[in-house]
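**Q** Just so it is clear, I am handing over start.cif, which has mmCIF, C-alpha atoms.
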data_data
loop_
_atom_site.label_atom_id
_atom_site.label_comp_id
_atom_site.auth_asym_id
_atom_site.auth_seq_id
_atom_site.Cartn_x
_atom_site.Cartn_y
_atom_site.Cartn_z
CA MET S 1 71.49 102.04 131.75
CA GLU S 2 72.48 103.21 135.20
CA ILE S 3 74.47 106.34 136.03
CA ARG S 4 75.57 107.10 139.58
CA SER S 5 76.65 110.46 140.88
CA ARG S 6 79.62 110.93 143.12
CA ILE S 7 78.70 110.80 146.80
CA GLY S 8 78.13 114.18 148.40
CA SER S 9 78.29 114.80 152.15
CA LYS S 10 76.62 117.30 154.42
CA LYS S 11 77.01 117.80 158.17
CA ILE S 12 73.30 117.58 158.87
CA PRO S 13 71.35 114.64 160.34
CA VAL S 14 69.73 112.34 157.78
CA GLU S 15 66.23 113.08 159.12
CA ILE S 16 66.57 116.79 158.32
CA ILE S 17 68.05 116.21 154.86
CA PHE S 18 65.40 113.63 154.05
CA THR S 19 62.57 115.95 155.14
CA ARG S 20 63.93 118.64 152.82
CA PHE S 21 64.04 116.22 149.87
CA LYS S 22 60.43 115.11 150.41
CA ASN S 23 59.50 118.65 149.39
CA VAL S 24 60.18 118.99 145.64
CA ASN S 25 60.92 122.67 146.22
CA ILE S 26 64.46 121.62 147.27
CA PHE S 27 65.29 121.16 143.60
CA LYS S 28 64.96 124.91 143.07
CA ARG S 29 68.14 125.22 145.16
CA LEU S 30 69.90 122.16 143.75
CA LEU S 31 69.41 122.48 140.00
CA PRO S 32 71.83 124.56 137.91
CA LYS S 33 71.08 128.29 137.90
CA SER S 34 70.52 128.20 134.12
CA CYS S 35 67.77 125.63 134.58
CA ARG S 36 64.10 126.58 134.33
CA PHE S 37 62.20 124.98 137.24
CA LYS S 38 58.47 124.71 137.90
CA ILE S 39 56.50 123.02 140.69
CA LEU S 40 53.37 121.35 139.32
CA THR S 41 51.95 119.79 142.51
CA GLN S 42 53.25 118.89 145.95
CA LYS S 43 54.91 115.79 144.46
CA LYS S 44 55.46 116.75 140.82
CA PHE S 45 57.82 119.19 139.15
CA CYS S 46 59.47 119.87 135.83
CA PHE S 47 62.66 121.49 134.68
CA LYS S 48 64.38 122.37 131.44
CA LEU S 49 68.08 122.38 130.78
CA SER S 50 69.45 124.15 127.76
CA GLY S 51 69.50 121.91 124.69
CA MET S 52 67.37 119.20 126.35
CA PRO S 53 63.64 118.52 126.28
CA GLU S 54 61.60 119.46 129.35
CA ILE S 55 61.80 116.81 132.07
CA PHE S 56 58.82 115.99 134.29
CA LEU S 57 59.36 114.12 137.58
CA ASP S 58 56.95 112.70 140.14
CA VAL S 59 57.72 111.39 143.63
CA GLU S 60 56.99 107.70 143.07
CA LYS S 61 58.19 106.02 146.28
CA ILE S 62 59.53 107.19 149.62
CA PHE S 63 61.58 104.96 151.92
CA ASP S 64 61.92 106.99 155.13
CA ASN S 65 65.40 108.37 155.73
CA GLU S 66 66.86 106.10 153.02
CA LYS S 67 65.64 106.77 149.50
CA ILE S 68 63.24 108.78 147.35
CA ILE S 69 62.46 107.55 143.83
CA TYR S 70 61.34 110.14 141.29
CA SER S 71 59.89 108.81 138.04
CA SER S 72 59.53 110.57 134.71
CA PHE S 73 56.13 111.33 133.25
CA GLU S 74 54.93 113.25 130.19
CA SER S 75 58.45 112.85 128.88
CA LYS S 76 60.08 111.47 125.76
CA PHE S 77 62.30 109.37 128.05
CA ASP S 78 61.16 106.79 130.58
CA PHE S 79 63.51 106.76 133.58
CA THR S 80 63.78 107.00 137.35
CA LEU S 81 65.98 109.18 139.50
CA GLU S 82 66.83 107.83 142.94
CA ALA S 83 68.13 110.00 145.74
CA THR S 84 69.75 107.70 148.31
CA PHE S 85 70.64 108.94 151.78
CA THR S 86 73.20 107.31 154.07
CA GLU S 87 73.74 108.35 157.66
CA THR S 88 77.52 108.16 158.09
CA SER S 89 77.41 109.54 161.64
CA LYS S 90 74.84 111.15 163.92
CA ASN S 91 75.22 114.52 162.18
CA GLN S 92 76.57 113.51 158.77
CA THR S 93 74.57 112.46 155.71
CA ASP S 94 75.77 111.24 152.32
CA LEU S 95 73.69 111.67 149.17
CA GLN S 96 74.03 109.78 145.91
CA LEU S 97 71.83 110.16 142.83
CA ILE S 98 71.13 107.20 140.57
CA PHE S 99 69.65 107.55 137.08
CA LYS S 100 68.04 104.40 135.65
CA GLY S 101 66.53 104.02 132.21
CA THR S 102 66.45 101.83 129.12
CA PHE S 103 67.89 103.53 126.04
CA ASN S 104 69.46 102.53 122.76
CA SER S 105 73.23 102.86 122.34
CA VAL S 106 73.02 106.13 120.37
CA MET S 107 70.87 107.73 123.05
CA ILE S 108 73.25 106.51 125.77
CA MET S 109 76.18 108.20 124.02
CA MET S 110 74.19 111.43 123.77
CA ILE S 111 72.95 111.64 127.36
CA LYS S 112 75.64 109.98 129.49
CA ASN S 113 78.02 112.93 129.89
CA PRO S 114 75.30 115.59 130.26
CA ILE S 115 73.71 113.52 133.05
CA LYS S 116 77.06 113.09 134.81
CA ASN S 117 77.71 116.85 134.60
CA PHE S 118 74.16 117.56 135.78
CA PHE S 119 74.66 115.24 138.79
CA ASP S 120 78.00 116.88 139.62
CA GLU S 121 76.32 120.27 139.82
CA ILE S 122 73.44 118.98 141.94
CA ILE S 123 75.81 117.27 144.38
CA SER S 124 77.99 120.41 144.60
CA ASN S 125 74.89 122.52 145.29
CA PHE S 126 73.80 119.98 147.93
CA GLU S 127 77.16 120.24 149.69
CA ASN S 128 76.85 124.05 149.67
CA LEU S 129 73.29 124.24 151.06
#
Write out the structure in this file as structure tokens.
**A**
Amino acid sequence: MEIRSRIGSKKIPVEIIFTRFKNVNIFKRLLPKSCRFKILTQKKFCFKLSGMPEIFLDVEKIFDNEKIIYSSFESKFDFTLEATFTETSKNQTDLQLIFKGTFNSVMIMMIKNPIKNFFDEIISNFENL
């Protein structure tokens, strides 16, 4: 299963945006206000949304100024979350989030809309940074 967020834009150079995303602390500002967020290490963090199990993410791979892949760990669900960065002009950066995981059809029905709504809020918060 793959779920893509809408593309969000920010008038900041890709290098600056990318540097901010390499620090997991950025998620404190991007996640919904109702979300409980905790930094575990420099590259690991967890968060809890209401009605969902706690989600643990680790920075798995970094492709400079292009993509960061976060992978789940210590979780009931095995998935990755990709943050892809596109420089649309010298001072403009687009961000898209991509959720990838293998789930049964019942699980897909349960998580698809909450993930889309979650992504919408993150992208909105990104645009308002």
**Q** Would you write out, as a ChimeraX atom specification, every residue that the PyMOL selection byres ((chain S and resi 112) around 12) captures in this file?
**A** /S:1-5,99-101,103-111,113-119
**Q** Between atom CA of S:Thr41 and atom CA of S:Ile7, what is the distance in Å, rounded to a tenth?
**A**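 Spanning atom CA of S:Thr41 to atom CA of S:Ile7 is a straight-line distance of 28.5 Å.
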**Q** Can you work out the spacing between atom CA of S:Lys22 and atom CA of S:Ile62 in Å, to one decimal?
**A** 8.0 Å
**Q** With all atoms listed in the file as the atoms that count, which of S:Leu30, S:Val59, S:Ile69, S:Leu49 lies nearest to S:Ile123?
**A**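 Among S:Leu30, S:Val59, S:Ile69, S:Leu49, it is S:Leu30 that comes nearest to S:Ile123.
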**Q** Expanded to explicit residues, what is the PyMOL selection byres ((chain S and resi 73-75) around 8) for this file, as a ChimeraX atom specification?
**A** /S:54-58,71-72,76-78
**Q** So which one's closest to S:Thr80, S:Asn65, S:Ser9, S:Thr93, S:Thr102? Using only C-alpha atoms, please.
**A**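 Answer, going by the shortest atom-to-atom distance: S:Thr102.
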**Q** Given the choices S:Lys11, S:Asp64, S:Arg29, S:Met52, which gets closest to S:Phe85 if the distance is worked out from all atoms listed in the file?
**A**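 Closest to S:Phe85 of all the choices is S:Asp64.
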**Q** Step by step, work through what the PyMOL selection byres ((chain S and resi 95) around 10) selects in the shown file, and finish by giving those residues as a list in words.
**A** Ser5, Arg6, Ile7, Gly8, Ser9, Lys10, Val14, Ile17, Phe18, Glu66, Lys67, Ala83, Thr84, Phe85, Thr86, Glu87, Thr93, Asp94, Gln96, Leu97, Ile123, Phe126 and Glu127 of chain S
**Q** Measure the distance from atom CA of S:Ser50 to atom CA of S:Asn23 in Å and round it to one decimal.
**A** 24.4 Å
**Q** Using all atoms listed in the file, can you tell me which of S:Ile39, S:Ile68, S:Phe47, S:Pro53 comes closest to S:Arg20?
**A** S:Ile68
**Q** Considering only C-alpha atoms, can you say which of S:Phe63, S:Glu121, S:Asn128, S:Thr88 comes closest to S:Pro32?
**A** S:Glu121
